[in-house]
Amino acid sequence: MTKNITCVACPMGCGITVEIADNGEILSVTGNTCKRGDAYARTECTHPERSLATTVRVDNGMTNVVPCKSATALPKEKIFDCMKVINTARASAPVKIGDVLVENILDTGVNIVATNDCPVK
Amino acid sequence: MLNYDIVVIGGGPAGMAAAIKAKECGVDSILILERAETLGGILEQCIHTGFGLHYFGEELSGPEYAARFIKIVNEKNIEYKVDTMALQITGDNKVYAVNKTDGLIEIQAKAIILAMGCRERPRGALNTPGTRASGVMTAGTAQKYVNIDGYMPGKKIVILGSGDIGLIMARRMTLEGAKVQCVCELMPYSSGLTRNIVQCLNDFDIPLYLSCTVIDIKGKDRVEGVVIADVGPDRKPIPGTERLIECDTLMLSCGLIPENELTREVGIELDNVTSGAVVDENRQTSQKGVFACGNVLHVHDLVDYVTLESQTAGEGAANYVLGNVREPDYITTKGVNGVRYIVPQKIDLKNEGDVKLYFRVGNTYKNASIVVKYNGAEIIRRKRPRLAPGEMENVVIKNDVLKTFSHDGTIEIGVEE
Amino acid sequence: MIYNVAIIGGGVVGALIAREMSRYNIKTALIEKCNDVAMGTSKANSAIVHAGFDAKPGTLKAKLNVRGTQLMPQVCKELNVPFKQTGSLVVAFSKEEVGTLDELKARGETNGVPGLEIYDREKLREEEKYISDEAVAALWAPSAGIVCPYELTIAATENAVTNGVEFFRNFCVSKIEKNDGIFTLSDGDKEIKTQVVINAAGLYCEEIAKLIGDSSIETIARKGEYMLCDKAIGHLAKHTIFQCPSKMGKGVLVTPTVDGNLLIGPSAVDVPDKDDTTTTAQGLDGILKTAQKSVPCLNTRNVITSFAGIRSHCTRDDFIIEKSKADESFINVAGIESPGLSSAPAIAEYVRDIIFTLISCEKKDGFNPVRPDPVRFRHMSNEERKAVIAENPAYGRIICRCETITEGEIIDAIKAPAGARDVDGVKRRTRAGMGRCQGGFCGSKVVELLAKELSLEINEITKFGGESRILYERTK
């Protein structure tokens, strides 16, 4: 089986063709122009990952919410489940950039961290 | 009257990078004027990641990218005033600004760096017919509501225009539980980055309709739907292709316009294509001592390039203030054969370094070449597997090549298929 | 509480009648069905003070137009509403149309319009640099002018309220009863009692009259679409430029606005729905093409926004301002289409005189004709700016960057008598959001200020009342 994907490792957006054997083994990766493209293509065809950026509710903050992101990429299929967890999380002002807001979300080993400060109201 | 060597108008990524660079080049007296409550500019609401891959080699969110520069601004004790609006600049480099605490401020600057950024094209400029119902907003406004204020600006959404902000908002609203019905793009190609199409639309099965536009907005109080239609090569709707899409919100992501009101009022020469100032390789405008960088100069797709360009402008302004300037001997640059514009528009032949020319194409190309000519003679040819209007390109003119040019010459960049 | 006079309709006519009646020692109510005044025809029209040569001599239109235009400069001065006597030109493109100009001139002179003059091609070109080469002559009317119709309505309402008129918003009169000589107006929930009713409901005069069994009014809703262009091309017309009139109205005009923009329009299409203020590709295309006949260099590049207004065209082809045959204490003020804005100050006097025949009114002490000039930061000198910021720092914070509108001005607009309650209300009072970015940057800040001043959550703020909320619930 061959899969055509668009690389998103950088803004170049290379078209990559991946040949996959029936047992799931990757036979070849072509069309990429860098190593990151190769790695992206392999991950995308075996266990796709996405980084997640959203907000967490803040009590007593200057703003209602503080932005956050997954410290590293999450399994793509768990994105909406992660959103559910994040949407129930609460932070208390002051929040500092880098603060862990949700630890080890859904046992993925990935933390959700604040990406901005949120001072007290 | 206050006195500063350099006044930077705008405290977003462009203004901060320019100010920091100018400080590093030895100018101490610098003031940044920022209209929002904090430094950081539009990055503060761009909470998605993807910033900094070029500049930091890391994938940062907008606020994180901004925070790195805010930290340096503070460490270097660069002065800034937030919640402060620049009202006017004058021909002798005075700046008038206003805020609540200082009132009206008059500043005499030796150099001014324009870094006001850009604004989104609103519905009116698109002349979209229909009702005046609530629920029509630019993608950037929606982004502020959802990411900063924490409110849903809509639940069932149609996005007109496939600019990056529109694509990013398609994903953002979907993550927050809204249904994004479709993204309509007037042109036969998207103006957004490929990775955004993949990660913001394809990942969520949001359809992207190319050569398609909104021709009517329905709803009395709140938007209830929009009529979309395919367009022909003349970009006019094709009769018979109209269909009604139910939605409560129409988000517009139809292009960005540099905010050059101050620039225009003082009479600085503007480029009709970029809607920004005409500048030289130091990003100096037609008014001596006035520099421009970032999205106020031309709209960038990546903030990393904004940073680099702004460092150039910061260095240029510093040299100007420190007296390291000479009478320039300019040649001009010109986009031809599919190249819409080039920044800078002119280069001083006495320049001591290499010069990087940034440009944009007006169409999509595969396996094309970029050809640089000087007075008609080819000097550089570069193969490009892919060219798209949404992605800024660049070529470097080496200093030894530059030194062979004589004044009144023209450098042309074009695409060859 | 029984009012002496209740005016149904917070348009320019209703507001000026309210202000006129606030000079007297009577109790007056001004009733508006929307969240703000000037929400119908008064919001979206050509904003022209016509000289008065169009209407047939002897009609109310002719009489009240000329008188209204005469009163307008003083009214605007008292209310601090921008008015410019720019003069108007009716342009002829053929020999036949030159004949029309002569007719208009003769008619105007009969109506008492001052200073009419026919310009030849050269004189016209001298006056309007960008006029079409095809234009052969024009009728010059120096008394014509331009005014902002919703600002006039807002200012008149403010002044009326300051002088004791009570303003009711979101009161849609759906039932009228009369007992013992007193009308009871009801919106299905609340009631207002009054001796005299003034039906100034604009597009809905017909429906309001029917509530007392008067079906004498027949109106047609006629839509007009407009395009507003950037100030950058405001210089393309010095005066209001008309083309020769047709049976559908005065045709497409090109005019400067009091704010320095350029306005082109309107189209004229009869529509079944009185609230159909949709703009159409066809309509906008049409007005641009027609306007280009007058000023060929116009294009869509400088269009900031487009809008449509509905005017109430009366089958009787004149204003109807008279006691209803069904009840003489019920005064219809109907069919107020062009030149309704120009006539409005005169209509107010005319209606006042009818009211005088019904109830006794005496001039009251302490009537203040002046509506204080709002702070308009953008028009101030730097010295004046320093002074107002020293007085109130909120004038030092710019909210709308395109139009240079300050936080102080927006708060003033919300706190004013009959003040703004929604985003469009702030926009009409201050111009915040009317510039190039059309509220892209300041929209959310205006929402915040409204919420703060009105002690509401930001998702309770609407664009123009009703269900026009801007935000849904919190994301989390």
# chains A, B, ... in the order shown; residues from 1 in each chain; ligands from 1

call {"tool": "interface_residues", "arguments": {"of": "chain A", "to": "chain C", "cutoff": "9 Å", "atoms": "only C-alpha atoms", "output": "list in words"}}
result
Thr55, Val56, Arg57, Asn64, Val65, Asn87 and Thr88 of chain A

call {"tool": "interface_residues", "arguments": {"of": "chain C", "to": "chain B", "cutoff": "6 Å", "atoms": "only C-alpha atoms", "output": "PyMOL selection string"}}
result
chain C and resi 278-281+303-305+386+389+393+396-397+437+440+463+467-468+471-475

call {"tool": "write_last_selection", "arguments": {"atoms": "N, CA and C atoms", "output": "PDB file, in the first residue's frame"}}
result
ATOM      1  N   THR C 278     -31.466  43.975   3.229  1.00  0.00           N
ATOM      2  CA  THR C 278     -30.351  43.225   2.655  1.00  0.00           C
ATOM      3  C   THR C 278     -29.768  44.009   1.488  1.00  0.00           C
ATOM      4  N   THR C 279     -28.488  43.871   1.322  1.00  0.00           N
ATOM      5  CA  THR C 279     -27.880  44.420   0.122  1.00  0.00           C
ATOM      6  C   THR C 279     -27.734  43.275  -0.880  1.00  0.00           C
ATOM      7  N   THR C 280     -27.757  43.609  -2.134  1.00  0.00           N
ATOM      8  CA  THR C 280     -27.666  42.579  -3.167  1.00  0.00           C
ATOM      9  C   THR C 280     -26.546  42.920  -4.129  1.00  0.00           C
ATOM     10  N   ALA C 281     -25.957  41.897  -4.709  1.00  0.00           N
ATOM     11  CA  ALA C 281     -24.879  42.115  -5.673  1.00  0.00           C
ATOM     12  C   ALA C 281     -25.402  42.967  -6.830  1.00  0.00           C
ATOM     13  N   VAL C 303     -14.567  51.159  -1.477  1.00  0.00           N
ATOM     14  CA  VAL C 303     -15.815  50.973  -0.742  1.00  0.00           C
ATOM     15  C   VAL C 303     -15.493  50.430   0.653  1.00  0.00           C
ATOM     16  N   ILE C 304     -15.967  51.120   1.692  1.00  0.00           N
ATOM     17  CA  ILE C 304     -15.759  50.636   3.060  1.00  0.00           C
ATOM     18  C   ILE C 304     -16.897  49.706   3.437  1.00  0.00           C
ATOM     19  N   THR C 305     -18.096  50.101   3.106  1.00  0.00           N
ATOM     20  CA  THR C 305     -19.231  49.261   3.459  1.00  0.00           C
ATOM     21  C   THR C 305     -20.395  49.585   2.551  1.00  0.00           C
ATOM     22  N   LYS C 386      -5.241  67.902  25.213  1.00  0.00           N
ATOM     23  CA  LYS C 386      -4.599  67.906  26.527  1.00  0.00           C
ATOM     24  C   LYS C 386      -5.608  68.285  27.603  1.00  0.00           C
ATOM     25  N   ILE C 389      -8.224  65.459  28.329  1.00  0.00           N
ATOM     26  CA  ILE C 389      -7.634  64.299  29.023  1.00  0.00           C
ATOM     27  C   ILE C 389      -7.347  64.656  30.480  1.00  0.00           C
ATOM     28  N   PRO C 393      -9.254  61.210  32.148  1.00  0.00           N
ATOM     29  CA  PRO C 393      -8.214  60.409  31.471  1.00  0.00           C
ATOM     30  C   PRO C 393      -8.773  59.435  30.445  1.00  0.00           C
ATOM     31  N   GLY C 396      -7.991  59.793  26.970  1.00  0.00           N
ATOM     32  CA  GLY C 396      -6.619  59.515  26.540  1.00  0.00           C
ATOM     33  C   GLY C 396      -6.439  58.099  26.031  1.00  0.00           C
ATOM     34  N   ARG C 397      -7.517  57.325  26.052  1.00  0.00           N
ATOM     35  CA  ARG C 397      -7.389  55.943  25.598  1.00  0.00           C
ATOM     36  C   ARG C 397      -8.163  55.769  24.302  1.00  0.00           C
ATOM     37  N   CYS C 437     -11.519  49.415   9.239  1.00  0.00           N
ATOM     38  CA  CYS C 437     -11.510  48.029   9.707  1.00  0.00           C
ATOM     39  C   CYS C 437     -12.887  47.591  10.156  1.00  0.00           C
ATOM     40  N   GLY C 440     -13.124  45.690  13.429  1.00  0.00           N
ATOM     41  CA  GLY C 440     -12.295  44.503  13.600  1.00  0.00           C
ATOM     42  C   GLY C 440     -11.481  44.542  14.881  1.00  0.00           C
ATOM     43  N   LYS C 463     -25.688  43.435  18.987  1.00  0.00           N
ATOM     44  CA  LYS C 463     -25.288  44.357  17.927  1.00  0.00           C
ATOM     45  C   LYS C 463     -26.326  45.465  17.800  1.00  0.00           C
ATOM     46  N   GLU C 467     -32.382  39.647  19.279  1.00  0.00           N
ATOM     47  CA  GLU C 467     -31.590  38.420  19.349  1.00  0.00           C
ATOM     48  C   GLU C 467     -30.217  38.591  18.687  1.00  0.00           C
ATOM     49  N   SER C 468     -29.791  39.827  18.535  1.00  0.00           N
ATOM     50  CA  SER C 468     -28.544  40.053  17.791  1.00  0.00           C
ATOM     51  C   SER C 468     -27.316  39.986  18.690  1.00  0.00           C
ATOM     52  N   LEU C 471     -21.996  37.188  21.262  1.00  0.00           N
ATOM     53  CA  LEU C 471     -21.294  36.019  21.783  1.00  0.00           C
ATOM     54  C   LEU C 471     -22.268  35.031  22.397  1.00  0.00           C
ATOM     55  N   TYR C 472     -21.894  33.769  22.340  1.00  0.00           N
ATOM     56  CA  TYR C 472     -22.646  32.732  23.039  1.00  0.00           C
ATOM     57  C   TYR C 472     -22.028  32.558  24.437  1.00  0.00           C
ATOM     58  N   GLU C 473     -22.183  31.383  25.021  1.00  0.00           N
ATOM     59  CA  GLU C 473     -21.712  31.198  26.392  1.00  0.00           C
ATOM     60  C   GLU C 473     -20.186  31.098  26.443  1.00  0.00           C
ATOM     61  N   ARG C 474     -19.687  30.979  27.660  1.00  0.00           N
ATOM     62  CA  ARG C 474     -18.248  30.831  27.838  1.00  0.00           C
ATOM     63  C   ARG C 474     -17.773  29.510  27.255  1.00  0.00           C
ATOM     64  N   THR C 475     -16.533  29.500  26.826  1.00  0.00           N
ATOM     65  CA  THR C 475     -16.008  28.275  26.229  1.00  0.00           C
ATOM     66  C   THR C 475     -15.870  27.189  27.285  1.00  0.00           C
TER      67      THR C 475
END

call {"tool": "select_by_dssp", "arguments": {"residues": "stretch 101-268 of chain C", "states": "strand (DSSP E)", "output": "PyMOL selection string"}}
result
chain C and resi 117-120+137-141+145-147+166-168+175-179+182-186+191-199+219-229+240-243+253-256+262-265

call {"tool": "residues_around", "arguments": {"residues": "stretch 67-72 of chain A", "least_positions_apart": "5", "cutoff": "7 Å", "atoms": "only C-alpha atoms", "output": "list in words"}}
result
Ser51, Leu52, Ala53, Thr54, Thr55, Val56, Val110, Asn111, Ile112, Val113, Ala114, Thr115 and Asn116 of chain A; Ile47 of chain B

call {"tool": "write_last_selection", "arguments": {"atoms": "N, CA and C atoms", "output": "mmCIF file, in the first residue's frame"}}
result
data_model
loop_
_atom_site.group_PDB
_atom_site.id
_atom_site.type_symbol
_atom_site.label_atom_id
_atom_site.label_comp_id
_atom_site.auth_asym_id
_atom_site.auth_seq_id
_atom_site.Cartn_x
_atom_site.Cartn_y
_atom_site.Cartn_z
ATOM 1 N N SER A 51 0.183 18.190 18.138
ATOM 2 C CA SER A 51 0.265 19.002 19.346
ATOM 3 C C SER A 51 -1.094 19.694 19.512
ATOM 4 N N LEU A 52 -1.435 19.955 20.737
ATOM 5 C CA LEU A 52 -2.755 20.532 21.024
ATOM 6 C C LEU A 52 -2.562 21.864 21.736
ATOM 7 N N ALA A 53 -3.233 22.897 21.226
ATOM 8 C CA ALA A 53 -3.208 24.203 21.896
ATOM 9 C C ALA A 53 -4.638 24.623 22.156
ATOM 10 N N THR A 54 -4.918 24.994 23.388
ATOM 11 C CA THR A 54 -6.269 25.464 23.727
ATOM 12 C C THR A 54 -6.156 26.372 24.953
ATOM 13 N N THR A 55 -7.217 26.446 25.740
ATOM 14 C CA THR A 55 -7.179 27.305 26.931
ATOM 15 C C THR A 55 -7.701 26.529 28.129
ATOM 16 N N VAL A 56 -7.335 27.028 29.303
ATOM 17 C CA VAL A 56 -7.850 26.467 30.554
ATOM 18 C C VAL A 56 -8.515 27.603 31.324
ATOM 19 N N VAL A 110 2.072 13.061 28.801
ATOM 20 C CA VAL A 110 2.251 14.435 28.319
ATOM 21 C C VAL A 110 1.541 15.399 29.275
ATOM 22 N N ASN A 111 2.243 16.486 29.626
ATOM 23 C CA ASN A 111 1.626 17.514 30.468
ATOM 24 C C ASN A 111 1.015 18.612 29.609
ATOM 25 N N ILE A 112 -0.034 19.218 30.146
ATOM 26 C CA ILE A 112 -0.602 20.410 29.524
ATOM 27 C C ILE A 112 -0.038 21.601 30.296
ATOM 28 N N VAL A 113 0.656 22.488 29.579
ATOM 29 C CA VAL A 113 1.343 23.598 30.256
ATOM 30 C C VAL A 113 0.813 24.939 29.779
ATOM 31 N N ALA A 114 0.847 25.907 30.675
ATOM 32 C CA ALA A 114 0.410 27.262 30.343
ATOM 33 C C ALA A 114 1.396 27.881 29.353
ATOM 34 N N THR A 115 0.868 28.600 28.366
ATOM 35 C CA THR A 115 1.759 29.246 27.395
ATOM 36 C C THR A 115 1.761 30.760 27.540
ATOM 37 N N ASN A 116 1.161 31.246 28.618
ATOM 38 C CA ASN A 116 1.245 32.676 28.891
ATOM 39 C C ASN A 116 1.021 32.886 30.385
ATOM 40 N N ILE B 47 -2.801 31.449 20.020
ATOM 41 C CA ILE B 47 -2.348 30.486 21.021
ATOM 42 C C ILE B 47 -1.903 29.162 20.409
#

call {"tool": "closest_residue", "arguments": {"among": "B:Glu327, B:Glu34, B:Glu315, B:Glu391", "to": "chain A", "atoms": "only C-alpha atoms"}}
result
B:Glu391

call {"tool": "residues_around", "arguments": {"residues": "stretch 3-13 of chain B", "least_positions_apart": "3", "cutoff": "8 Å", "atoms": "only C-alpha atoms", "output": "ChimeraX atom specification"}}
result
/B:16-19,27-35,39-43,66,69,86,95,107-117,294,303,306-307,317-318,321

call {"tool": "write_last_selection", "arguments": {"atoms": "C-alpha atoms", "output": "PDB file, in the first residue's frame"}}
result
ATOM      1  CA  MET B  16      10.299  44.298  19.938  1.00  0.00           C
ATOM      2  CA  ALA B  17      12.857  42.651  17.641  1.00  0.00           C
ATOM      3  CA  ALA B  18      13.758  46.001  16.089  1.00  0.00           C
ATOM      4  CA  ALA B  19      14.122  47.683  19.479  1.00  0.00           C
ATOM      5  CA  VAL B  27      21.550  52.885  20.988  1.00  0.00           C
ATOM      6  CA  ASP B  28      20.380  53.375  24.561  1.00  0.00           C
ATOM      7  CA  SER B  29      17.538  55.799  24.245  1.00  0.00           C
ATOM      8  CA  ILE B  30      14.674  53.763  22.814  1.00  0.00           C
ATOM      9  CA  LEU B  31      10.924  53.956  23.460  1.00  0.00           C
ATOM     10  CA  ILE B  32       8.340  51.442  22.282  1.00  0.00           C
ATOM     11  CA  LEU B  33       4.733  52.605  21.974  1.00  0.00           C
ATOM     12  CA  GLU B  34       2.133  49.846  22.132  1.00  0.00           C
ATOM     13  CA  ARG B  35      -1.615  50.358  21.837  1.00  0.00           C
ATOM     14  CA  LEU B  39       3.542  43.927  24.658  1.00  0.00           C
ATOM     15  CA  GLY B  40       3.272  41.054  22.213  1.00  0.00           C
ATOM     16  CA  GLY B  41       0.847  42.343  19.629  1.00  0.00           C
ATOM     17  CA  ILE B  42      -1.373  39.898  17.806  1.00  0.00           C
ATOM     18  CA  LEU B  43       0.749  36.949  19.019  1.00  0.00           C
ATOM     19  CA  ALA B  66       6.262  36.927  22.272  1.00  0.00           C
ATOM     20  CA  PHE B  69      11.137  38.944  23.337  1.00  0.00           C
ATOM     21  CA  ALA B  86       0.513  56.904  18.231  1.00  0.00           C
ATOM     22  CA  VAL B  95       5.729  61.427  17.228  1.00  0.00           C
ATOM     23  CA  ILE B 107       8.298  62.994  21.305  1.00  0.00           C
ATOM     24  CA  GLN B 108      11.203  64.182  19.200  1.00  0.00           C
ATOM     25  CA  ALA B 109      12.946  61.120  17.765  1.00  0.00           C
ATOM     26  CA  LYS B 110      16.098  60.840  15.733  1.00  0.00           C
ATOM     27  CA  ALA B 111      14.755  57.722  14.095  1.00  0.00           C
ATOM     28  CA  ILE B 112      11.318  56.116  14.016  1.00  0.00           C
ATOM     29  CA  ILE B 113      10.620  52.445  13.424  1.00  0.00           C
ATOM     30  CA  LEU B 114       7.156  51.739  12.085  1.00  0.00           C
ATOM     31  CA  ALA B 115       5.924  48.374  13.345  1.00  0.00           C
ATOM     32  CA  MET B 116       2.156  48.824  13.499  1.00  0.00           C
ATOM     33  CA  GLY B 117       1.270  45.502  11.942  1.00  0.00           C
ATOM     34  CA  GLY B 294       6.983  43.420   9.964  1.00  0.00           C
ATOM     35  CA  VAL B 303       6.631  35.524  12.434  1.00  0.00           C
ATOM     36  CA  VAL B 306       9.143  39.267  10.804  1.00  0.00           C
ATOM     37  CA  THR B 307      11.775  38.959  13.493  1.00  0.00           C
ATOM     38  CA  ALA B 317      17.885  52.680  12.582  1.00  0.00           C
ATOM     39  CA  ALA B 318      20.776  52.300  15.027  1.00  0.00           C
ATOM     40  CA  VAL B 321      21.230  57.380  14.853  1.00  0.00           C
TER      41      VAL B 321
END

call {"tool": "residues_around", "arguments": {"residues": "A:Glu25", "least_positions_apart": "3", "cutoff": "12 Å", "atoms": "only C-alpha atoms", "output": "number ranges by chain"}}
result
A: 1-2, 18-22, 28-29, 42-43, 45-46

call {"tool": "residues_around", "arguments": {"residues": "B:Asn282", "least_positions_apart": "4", "cutoff": "10 Å", "atoms": "only C-alpha atoms", "output": "list in words"}}
result
Phe291, Ala292, Cys293, Glu309, Ser310, Gln311, Thr312, Ala313, Gly314, Glu315, Gly316, Ala317, Asn319, Tyr320, Pro344, Lys346, Ile347, Asp348, Asn351 and Val355 of chain B

call {"tool": "write_last_selection", "arguments": {"atoms": "N, CA and C atoms", "output": "PDB file, in the first residue's frame"}}
result
ATOM      1  N   PHE B 291      12.019  54.010   9.521  1.00  0.00           N
ATOM      2  CA  PHE B 291      12.193  52.629   9.083  1.00  0.00           C
ATOM      3  C   PHE B 291      10.869  51.889   9.255  1.00  0.00           C
ATOM      4  N   ALA B 292      10.718  50.793   8.542  1.00  0.00           N
ATOM      5  CA  ALA B 292       9.476  50.019   8.683  1.00  0.00           C
ATOM      6  C   ALA B 292       9.812  48.547   8.636  1.00  0.00           C
ATOM      7  N   CYS B 293       9.086  47.739   9.402  1.00  0.00           N
ATOM      8  CA  CYS B 293       9.337  46.306   9.408  1.00  0.00           C
ATOM      9  C   CYS B 293       8.123  45.534   9.893  1.00  0.00           C
ATOM     10  N   GLU B 309      13.474  40.398   9.673  1.00  0.00           N
ATOM     11  CA  GLU B 309      13.364  41.674   8.978  1.00  0.00           C
ATOM     12  C   GLU B 309      13.466  42.843   9.954  1.00  0.00           C
ATOM     13  N   SER B 310      12.873  42.665  11.122  1.00  0.00           N
ATOM     14  CA  SER B 310      12.849  43.753  12.097  1.00  0.00           C
ATOM     15  C   SER B 310      14.229  43.992  12.692  1.00  0.00           C
ATOM     16  N   GLN B 311      15.012  42.926  12.784  1.00  0.00           N
ATOM     17  CA  GLN B 311      16.391  43.103  13.238  1.00  0.00           C
ATOM     18  C   GLN B 311      17.161  43.949  12.229  1.00  0.00           C
ATOM     19  N   THR B 312      16.907  43.702  10.961  1.00  0.00           N
ATOM     20  CA  THR B 312      17.518  44.518   9.910  1.00  0.00           C
ATOM     21  C   THR B 312      17.137  45.980  10.090  1.00  0.00           C
ATOM     22  N   ALA B 313      15.845  46.214  10.320  1.00  0.00           N
ATOM     23  CA  ALA B 313      15.377  47.593  10.485  1.00  0.00           C
ATOM     24  C   ALA B 313      15.976  48.212  11.751  1.00  0.00           C
ATOM     25  N   GLY B 314      16.056  47.415  12.829  1.00  0.00           N
ATOM     26  CA  GLY B 314      16.616  47.913  14.087  1.00  0.00           C
ATOM     27  C   GLY B 314      18.067  48.312  13.920  1.00  0.00           C
ATOM     28  N   GLU B 315      18.798  47.487  13.194  1.00  0.00           N
ATOM     29  CA  GLU B 315      20.205  47.776  12.942  1.00  0.00           C
ATOM     30  C   GLU B 315      20.342  49.012  12.059  1.00  0.00           C
ATOM     31  N   GLY B 316      19.483  49.092  11.054  1.00  0.00           N
ATOM     32  CA  GLY B 316      19.498  50.256  10.163  1.00  0.00           C
ATOM     33  C   GLY B 316      19.231  51.538  10.929  1.00  0.00           C
ATOM     34  N   ALA B 317      18.227  51.489  11.803  1.00  0.00           N
ATOM     35  CA  ALA B 317      17.885  52.680  12.582  1.00  0.00           C
ATOM     36  C   ALA B 317      19.027  53.056  13.518  1.00  0.00           C
ATOM     37  N   ASN B 319      22.255  52.425  13.121  1.00  0.00           N
ATOM     38  CA  ASN B 319      23.322  53.028  12.323  1.00  0.00           C
ATOM     39  C   ASN B 319      22.997  54.465  11.945  1.00  0.00           C
ATOM     40  N   TYR B 320      21.740  54.686  11.634  1.00  0.00           N
ATOM     41  CA  TYR B 320      21.306  56.042  11.279  1.00  0.00           C
ATOM     42  C   TYR B 320      21.522  56.987  12.461  1.00  0.00           C
ATOM     43  N   PRO B 344      13.399  44.393  -0.164  1.00  0.00           N
ATOM     44  CA  PRO B 344      13.245  45.828  -0.378  1.00  0.00           C
ATOM     45  C   PRO B 344      13.074  46.186  -1.856  1.00  0.00           C
ATOM     46  N   LYS B 346      14.453  48.879  -3.127  1.00  0.00           N
ATOM     47  CA  LYS B 346      15.684  49.497  -3.626  1.00  0.00           C
ATOM     48  C   LYS B 346      16.872  49.074  -2.760  1.00  0.00           C
ATOM     49  N   ILE B 347      18.048  49.066  -3.366  1.00  0.00           N
ATOM     50  CA  ILE B 347      19.258  48.628  -2.659  1.00  0.00           C
ATOM     51  C   ILE B 347      20.348  49.669  -2.866  1.00  0.00           C
ATOM     52  N   ASP B 348      21.007  49.984  -1.775  1.00  0.00           N
ATOM     53  CA  ASP B 348      22.134  50.914  -1.852  1.00  0.00           C
ATOM     54  C   ASP B 348      23.369  50.139  -2.322  1.00  0.00           C
ATOM     55  N   ASN B 351      26.295  49.333  -0.057  1.00  0.00           N
ATOM     56  CA  ASN B 351      26.105  48.377   1.032  1.00  0.00           C
ATOM     57  C   ASN B 351      27.303  47.440   1.138  1.00  0.00           C
ATOM     58  N   VAL B 355      22.618  41.024   0.397  1.00  0.00           N
ATOM     59  CA  VAL B 355      21.261  41.538   0.549  1.00  0.00           C
ATOM     60  C   VAL B 355      20.267  40.429   0.237  1.00  0.00           C
TER      61      VAL B 355
END

call {"tool": "residues_around", "arguments": {"residues": "stretch 62-71 of chain C", "least_positions_apart": "6", "cutoff": "8 Å", "atoms": "only C-alpha atoms", "output": "list in words"}}
result
Val49, His50, Ala51, Gly52, Phe53, Asp54, Ala55, Lys56, Asn111, Gly112, Val113, Ser143, Ala144, Pro339, Gly340, Ser342, Ser343, Ala344, Pro345, Ala346 and Ile347 of chain C

call {"tool": "closest_residue", "arguments": {"among": "B:Arg340, B:Arg68, B:Lys356, B:Lys398", "to": "chain A", "atoms": "only C-alpha atoms"}}
result
B:Arg68

call {"tool": "interface_residues", "arguments": {"of": "chain B", "to": "chain A", "cutoff": "9 Å", "atoms": "only C-alpha atoms", "output": "compact mmCIF listing (two decimals) with C-alpha atoms, in the first residue's frame"}}
result
# COMPACT_ATOMS: atom_id res chain seq x y z
CA GLU B 44 -1.04 37.15 22.37
CA GLN B 45 -4.19 35.73 20.84
CA ILE B 47 -2.35 30.49 21.02
CA HIS B 48 -1.70 27.75 18.45
CA THR B 49 1.79 26.41 18.03
CA GLY B 50 4.01 26.60 14.99
CA LEU B 53 10.56 26.82 13.96
CA HIS B 54 12.97 28.86 11.87
CA LEU B 60 6.20 27.67 20.22
CA SER B 61 2.76 29.18 20.67
CA GLY B 62 2.26 32.86 19.88
CA PRO B 63 2.33 34.03 23.50
CA GLU B 64 5.47 31.96 24.14
CA ALA B 67 7.29 36.16 25.87
CA VAL B 146 -12.45 32.67 22.09
CA ASN B 147 -8.78 32.73 23.13
CA ILE B 148 -8.57 35.82 25.34
CA ASP B 149 -12.12 36.48 26.51
CA GLY B 150 -13.09 32.81 26.68
CA TYR B 151 -16.46 33.14 24.94
CA ARG B 172 -9.85 26.13 17.12
CA LEU B 175 -11.86 21.83 19.27
CA GLU B 176 -14.15 24.02 21.38
CA LEU B 193 0.15 27.36 4.60
CA THR B 194 -0.11 23.73 3.51
CA ARG B 195 0.41 22.41 7.01
CA ASN B 196 -2.56 24.45 8.18
CA VAL B 198 -3.65 19.47 6.59
CA GLN B 199 -3.85 19.97 10.33
CA ASP B 203 -7.75 16.37 10.28
CA LEU B 302 5.77 33.47 9.41
CA PRO B 385 9.74 22.32 -6.36
CA ARG B 386 6.77 24.37 -5.25
CA GLU B 391 4.54 31.37 1.12

call {"tool": "select_by_dssp", "arguments": {"residues": "chain A", "states": "alpha helix (DSSP H)", "output": "list in words"}}
result
Lys35, Arg36, Gly37, Asp38, Ala39, Tyr40, Ala41, Arg42, Thr43, Glu44, Cys45, Thr46, Ile79, Phe80, Asp81, Cys82, Met83, Lys84, Val85, Ile86, Asn87 and Thr88 of chain A

call {"tool": "atom_distance", "arguments": {"atom1": "atom CA of C:Pro142", "atom2": "atom CA of C:Ser294"}}
result
19.1 Å

call {"tool": "closest_residue", "arguments": {"among": "B:Leu201, B:Cys184, B:Val415, B:Val82", "to": "B:Asn363", "atoms": "only C-alpha atoms"}}
result
B:Val415
